[in-house]
Structures are given as C-alpha cells and as structure tokens.
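**Student:** The structure follows.
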Amino acid sequence: MAKSKKLYLYPLWLRIWHHVNAILMIFLIATGISMQYSDPAYPLIRFDIAVTVHNIAGVSLTVSYFIFLLGVLFTSIGRFYVVKTEGLLTSFSKQLRYYLFGIFKGEQSPFKVSEKQKFNPVQLITYNLIMHAIIPVTFITGWALLFPETIVLNVFGYSGIMLTSLVHSIAGFFISIFLLIHLYVITIGSSTTANLKSIIYGYHEEHDTDDDQSEEIKE
Ligand code: HEM
C-alpha cells in the first residue's frame, strides 16, 4: 500500500530567495534578449528602459546571490549541495537515463527524496553548476560591463570589452536554457504540481510504495 510522508525541505528564506531570484532572472532574460536581438527602431522593450531594468535587476541579483551563498555555507540546506564524487558518474547516468527514457516507460525515479538527499544526481550537478559557476560568471562580467574602465582593453589582439560581453551573453544563454529545462523538470515530480507546491509551501510529499526500488545517493 502507498504511504506518504511530508518533509520540510524548503525553509522560508530559501523560498523567498528562490521567488525573488526567479523574477529577477525573468526580467534579466527579457531585457537581455531585447538589447541583444531586437531592432533598435522596433525594440521589444525600449532600449533605455531595457538598460535601466537590466542594470537594477543585475545589481539586485548579485545581492540575492550572496544571500543564497551565505545560506548554503551557514545553514542546514548546505548539506544538499555537497557533491561526493564516489559513484557519481554511475548515479548521474542512471538518473539521466530515467529522464530520457525510463520516465516515458512509466518507470520509477531511481533516487528518492529524503532528509539527507533532496536532489537527485542530475539536479545536484545542474544546481551546483548554475548557482556556483554560471550565475557568478554572469554577474562578474555584468559588473565589469557596468564599469568598463575595469576591463583590460586588449586581450591577445581582441577587445576585452567584446570578450567580456561575449562571455556574459553565453552565460545568460546557459541560464535561459537551464530555466526552460528547469520548468519542464519541475512538472515531472510525483504529480505535475507537486514540486511547485514544495517551493511555495516548503514541504516535499514523498510517496513510498511496496515495490519501491529507488535508492539513496552513496554516502
Ligand atoms: C519561473 C521560474 C521558476 C520556477 C517556476 C521554478 C520552480 C522551482 C521549483 C518548483 C523548485 C523545487 C524543485 C526542486 O527542488 O528541484 C525549484 C528549485 C530550485 N530552483 Fe527554480 N524555478 C524558477 C526559476 C529558477 C531560476 C531562474 C533559477 C536559477 C537560475 C532557479 C534555481 C533553483 C534552485 C537552485 C532550486 C533548488 C533550491 C533548493 O532547494 O536549494 N529556479 N525551482
């Protein structure tokens, strides 16, 4: 018989951070795309407005990022972000195989959520990459573009400003791709809205079944 238990995995500060971060990211992506691609004569968002909103959202996102980082370093949610390399490749491949094939055959997710392990190996790697590499690269290059006098003018014959904006745009592109995949993956929890409820109310509902074959990531 199926049993279910509620785990409180998303403290209030993390939920507030997440929603603020998501709103800022949506503003940044929309204004970033507008500045990059739209015809200046027919902008998606008027150019001067896009620049102002992008700058304000970028500065706010930097502040919100450091709040998140302090939370990861000094509160109990940090334990969910620790990556143990032993067996990681196998468990990552197992979860990826599930996302690509198993889910369409009605298989069970290979890793279950617990107090010790909130993220499956694919989430663990992508959340770490996004939060600890791609977002920092994005705001560091963003700040540099805000104060272009800090950028080295010439890097092996190429314009430092051009290279910085290239890295900034590529990082922004990865965040946009992450967001699309993230929005899809959050709909494939135990029900379409289960993950969304978790990030709103804080509780993850775990359903145990008698034929449960899911496992925990190796300690
Ligand atoms: C409309 C936008 C978004 C929605 C609806 C959304 C939804 C969700 C949901 C439902 C979860 C809980 C499921 C899980 O733990 O995997 C989650 C977690 C998470 N999301 Fe999002 N998200 C959005 C935007 C973003 C953006 C833009 C980022 C970062 C670039 C982001 C980063 C994260 C991270 C790091 C977690 C894990 C937080 C933790 O539990 O420690 N999300 N999101």
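Lettering and numbering for the structure tokens are positional, with chains as A, B, ... in the shown order, residues counted from 1 in each chain, and ligands counted from 1 in the shown order.
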Write out as a compact mmCIF listing (two decimals) with N, CA and C atoms, in the first residue's frame each polymer residue whose atoms come within 10 Å of Ile26 (chain A), counting only C-alpha atoms; drop sequence neighbours fewer than 4 positions from it.

**Tutor:**
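Contents of part11.txt, as written:
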```txt
# COMPACT_ATOMS: atom_id res chain seq x y z
N ASN A 21 14.74 35.54 -6.93
CA ASN A 21 15.72 35.18 -7.96
C ASN A 21 15.03 34.87 -9.30
N ALA A 22 13.92 34.13 -9.25
CA ALA A 22 13.22 33.76 -10.49
C ALA A 22 12.68 35.01 -11.19
N ALA A 30 14.51 38.79 -20.32
CA ALA A 30 13.68 39.55 -21.27
C ALA A 30 14.41 40.81 -21.74
N THR A 31 15.00 41.57 -20.80
CA THR A 31 15.68 42.81 -21.20
C THR A 31 16.97 42.48 -21.95
N GLY A 32 17.66 41.41 -21.54
CA GLY A 32 18.90 40.99 -22.21
C GLY A 32 18.62 40.62 -23.66
N ALA A 57 18.14 45.02 -12.06
CA ALA A 57 17.91 43.60 -11.75
C ALA A 57 19.24 42.87 -11.55
N SER A 176 19.24 30.75 -19.53
CA SER A 176 17.93 30.65 -20.20
C SER A 176 17.60 29.20 -20.53
N LEU A 179 16.68 27.43 -17.42
CA LEU A 179 15.33 27.78 -16.97
C LEU A 179 14.28 26.97 -17.73
```

**Student:** Could you go through region 13-211 of chain A and tell me which residues DSSP, when run on the backbone, assigns to strand (DSSP E or B), listing them as a ChimeraX atom specification?

**Tutor:** /A:111,154-155,158-159,203-208

**Student:** Give as number ranges by chain the residues surrounding ligand 1 up to a distance of 8 Å, considering only C-alpha atoms and all ligand atoms.

**Tutor:** A: 9-10, 14-15, 18-19, 21-26, 77, 80-81, 118-119, 123, 127-128, 130-131, 135, 175-176, 178-179, 182-183, 185-187, 193-200

**Student:** With N, CA and C atoms retained, could you export that selection as a compact mmCIF listing (two decimals), in the first residue's frame?

**Tutor:**
```txt
# COMPACT_ATOMS: atom_id res chain seq x y z
N LEU A 9 11.65 20.70 3.48
CA LEU A 9 12.98 20.81 2.87
C LEU A 9 13.29 22.20 2.34
N TYR A 10 12.28 23.06 2.30
CA TYR A 10 12.49 24.40 1.71
C TYR A 10 12.13 25.47 2.75
N LEU A 14 14.68 30.39 1.94
CA LEU A 14 15.08 29.80 0.65
C LEU A 14 13.98 30.01 -0.39
N ARG A 15 12.73 29.88 0.08
CA ARG A 15 11.60 30.07 -0.84
C ARG A 15 11.54 31.53 -1.28
N HIS A 18 14.27 32.12 -3.68
CA HIS A 18 14.01 31.49 -4.97
C HIS A 18 13.05 32.32 -5.82
N HIS A 19 11.99 32.83 -5.20
CA HIS A 19 11.00 33.58 -5.98
C HIS A 19 11.57 34.92 -6.46
N ASN A 21 14.74 35.54 -6.93
CA ASN A 21 15.72 35.18 -7.96
C ASN A 21 15.03 34.87 -9.30
N ALA A 22 13.92 34.13 -9.25
CA ALA A 22 13.22 33.76 -10.49
C ALA A 22 12.68 35.01 -11.19
N ILE A 23 12.09 35.94 -10.40
CA ILE A 23 11.53 37.17 -11.01
C ILE A 23 12.65 38.00 -11.63
N LEU A 24 13.76 38.15 -10.86
CA LEU A 24 14.88 38.94 -11.39
C LEU A 24 15.42 38.32 -12.67
N MET A 25 15.53 36.98 -12.68
CA MET A 25 16.05 36.29 -13.87
C MET A 25 15.15 36.52 -15.08
N ILE A 26 13.85 36.50 -14.85
CA ILE A 26 12.92 36.70 -15.98
C ILE A 26 13.09 38.12 -16.55
N ILE A 77 20.74 23.82 4.75
CA ILE A 77 20.49 23.43 3.35
C ILE A 77 21.80 23.17 2.59
N PHE A 80 22.69 19.70 1.17
CA PHE A 80 22.12 19.19 -0.09
C PHE A 80 22.99 19.50 -1.31
N TYR A 81 23.90 20.46 -1.13
CA TYR A 81 24.72 20.90 -2.27
C TYR A 81 26.10 20.23 -2.31
N LYS A 118 18.05 15.84 -0.95
CA LYS A 118 16.90 16.49 -1.57
C LYS A 118 16.97 16.39 -3.09
N PHE A 119 18.21 16.43 -3.62
CA PHE A 119 18.38 16.46 -5.07
C PHE A 119 18.84 15.11 -5.61
N GLN A 123 20.00 16.87 -10.68
CA GLN A 123 19.70 18.17 -10.06
C GLN A 123 20.94 18.69 -9.30
N TYR A 127 22.20 22.22 -10.40
CA TYR A 127 22.02 23.34 -9.46
C TYR A 127 23.37 23.90 -9.03
N ASN A 128 24.35 23.00 -8.78
CA ASN A 128 25.68 23.49 -8.39
C ASN A 128 26.33 24.29 -9.52
N ILE A 130 24.89 25.88 -12.06
CA ILE A 130 24.20 27.15 -12.27
C ILE A 130 24.52 28.14 -11.15
N MET A 131 24.37 27.65 -9.89
CA MET A 131 24.49 28.59 -8.77
C MET A 131 25.94 28.97 -8.44
N ILE A 135 25.98 31.56 -12.70
CA ILE A 135 25.46 32.85 -12.19
C ILE A 135 26.61 33.78 -11.77
N ILE A 175 21.83 30.15 -18.76
CA ILE A 175 20.81 30.30 -17.71
C ILE A 175 19.42 30.17 -18.34
N SER A 176 19.24 30.75 -19.53
CA SER A 176 17.93 30.65 -20.20
C SER A 176 17.60 29.20 -20.53
N PHE A 178 18.84 26.58 -18.98
CA PHE A 178 18.59 25.93 -17.69
C PHE A 178 17.14 26.17 -17.27
N LEU A 179 16.68 27.43 -17.42
CA LEU A 179 15.33 27.78 -16.97
C LEU A 179 14.28 26.97 -17.73
N HIS A 182 14.51 23.46 -16.41
CA HIS A 182 14.05 23.51 -15.02
C HIS A 182 12.51 23.52 -14.99
N LEU A 183 11.91 24.34 -15.84
CA LEU A 183 10.45 24.46 -15.85
C LEU A 183 9.81 23.13 -16.28
N VAL A 185 11.36 20.05 -15.90
CA VAL A 185 11.65 19.02 -14.88
C VAL A 185 10.77 19.18 -13.63
N ILE A 186 10.44 20.45 -13.27
CA ILE A 186 9.62 20.60 -12.06
C ILE A 186 8.20 20.07 -12.26
N THR A 187 7.81 19.81 -13.51
CA THR A 187 6.45 19.28 -13.72
C THR A 187 6.42 17.75 -13.67
N THR A 193 2.07 19.24 -10.30
CA THR A 193 2.27 20.45 -9.49
C THR A 193 2.99 20.17 -8.16
N ALA A 194 3.40 18.90 -7.93
CA ALA A 194 3.98 18.55 -6.62
C ALA A 194 5.21 19.39 -6.29
N ASN A 195 6.15 19.54 -7.26
CA ASN A 195 7.39 20.30 -6.99
C ASN A 195 7.10 21.79 -6.80
N LEU A 196 6.13 22.27 -7.58
CA LEU A 196 5.76 23.67 -7.48
C LEU A 196 5.20 23.96 -6.08
N LYS A 197 4.37 23.01 -5.57
CA LYS A 197 3.83 23.18 -4.21
C LYS A 197 4.97 23.19 -3.19
N SER A 198 6.00 22.35 -3.42
CA SER A 198 7.12 22.29 -2.46
C SER A 198 7.81 23.64 -2.34
N ILE A 199 8.07 24.28 -3.48
CA ILE A 199 8.83 25.55 -3.43
C ILE A 199 7.92 26.69 -2.96
N ILE A 200 6.60 26.49 -2.98
CA ILE A 200 5.69 27.53 -2.46
C ILE A 200 5.45 27.32 -0.97
```

**Student:** Write out as a ChimeraX atom specification each polymer residue whose atoms come within 10 Å of Trp17 (chain A), counting only C-alpha atoms; drop sequence neighbours fewer than 4 positions from it.

**Tutor:** /A:12-13,21-22,61,64-65,67-68,71

**Student:** How would the residues just picked look written out with N, CA and C atoms as a PDB file, in the first residue's frame?

**Tutor:**
```pdb
ATOM      1  N   LEU A  12      11.652  29.014   4.765  1.00  0.00           N
ATOM      2  CA  LEU A  12      11.045  30.243   4.237  1.00  0.00           C
ATOM      3  C   LEU A  12      12.043  31.132   3.506  1.00  0.00           C
ATOM      4  N   TRP A  13      13.237  31.322   4.099  1.00  0.00           N
ATOM      5  CA  TRP A  13      14.202  32.242   3.459  1.00  0.00           C
ATOM      6  C   TRP A  13      14.570  31.734   2.066  1.00  0.00           C
ATOM      7  N   ASN A  21      14.738  35.538  -6.934  1.00  0.00           N
ATOM      8  CA  ASN A  21      15.718  35.176  -7.961  1.00  0.00           C
ATOM      9  C   ASN A  21      15.028  34.875  -9.299  1.00  0.00           C
ATOM     10  N   ALA A  22      13.922  34.128  -9.251  1.00  0.00           N
ATOM     11  CA  ALA A  22      13.218  33.762 -10.493  1.00  0.00           C
ATOM     12  C   ALA A  22      12.675  35.014 -11.194  1.00  0.00           C
ATOM     13  N   LEU A  61      20.257  40.997  -8.275  1.00  0.00           N
ATOM     14  CA  LEU A  61      20.549  39.567  -8.348  1.00  0.00           C
ATOM     15  C   LEU A  61      21.880  39.240  -7.654  1.00  0.00           C
ATOM     16  N   SER A  64      21.119  39.149  -4.043  1.00  0.00           N
ATOM     17  CA  SER A  64      20.337  37.941  -3.732  1.00  0.00           C
ATOM     18  C   SER A  64      21.215  36.695  -3.823  1.00  0.00           C
ATOM     19  N   TYR A  65      22.206  36.710  -4.751  1.00  0.00           N
ATOM     20  CA  TYR A  65      23.104  35.553  -4.869  1.00  0.00           C
ATOM     21  C   TYR A  65      23.903  35.370  -3.582  1.00  0.00           C
ATOM     22  N   ILE A  67      23.124  36.272  -0.610  1.00  0.00           N
ATOM     23  CA  ILE A  67      22.240  35.783   0.461  1.00  0.00           C
ATOM     24  C   ILE A  67      22.124  34.257   0.335  1.00  0.00           C
ATOM     25  N   PHE A  68      21.937  33.787  -0.913  1.00  0.00           N
ATOM     26  CA  PHE A  68      21.857  32.346  -1.161  1.00  0.00           C
ATOM     27  C   PHE A  68      23.157  31.661  -0.724  1.00  0.00           C
ATOM     28  N   GLY A  71      23.461  31.287   2.882  1.00  0.00           N
ATOM     29  CA  GLY A  71      22.542  30.222   3.308  1.00  0.00           C
ATOM     30  C   GLY A  71      23.134  28.847   3.075  1.00  0.00           C
TER      31      GLY A  71
END
```

**Student:** Please compute the CA of Thr138 (chain A)-CA of Gly172 (chain A) distance, one decimal, in Å.

**Tutor:**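 Taking CA of Thr138 (chain A) as the start and CA of Gly172 (chain A) as the end point, the length is 6.5 Å.
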
**Student:** Please return as a PyMOL selection string: the residues of region 19-170 of chain A that backbone DSSP assigns to alpha helix (DSSP H).

**Tutor:** chain A and resi 19-37+47-74+88-100+121-129+135-146+160-170

**Student:** Between A:Phe47, A:Phe156, A:His132, A:Ser191, which has the minimum distance to Leu73 (chain A) (counting only C-alpha atoms)?

**Tutor:** A:His132

**Student:** Determine, counting only C-alpha atoms, which protein, DNA and RNA residues have an atom within 8 Å of an atom of Ser165 (chain A); residues of the same chain fewer than 2 positions away are not included. Present the result as number ranges by chain.

**Tutor:** A: 141-142, 145, 161-163, 167-169
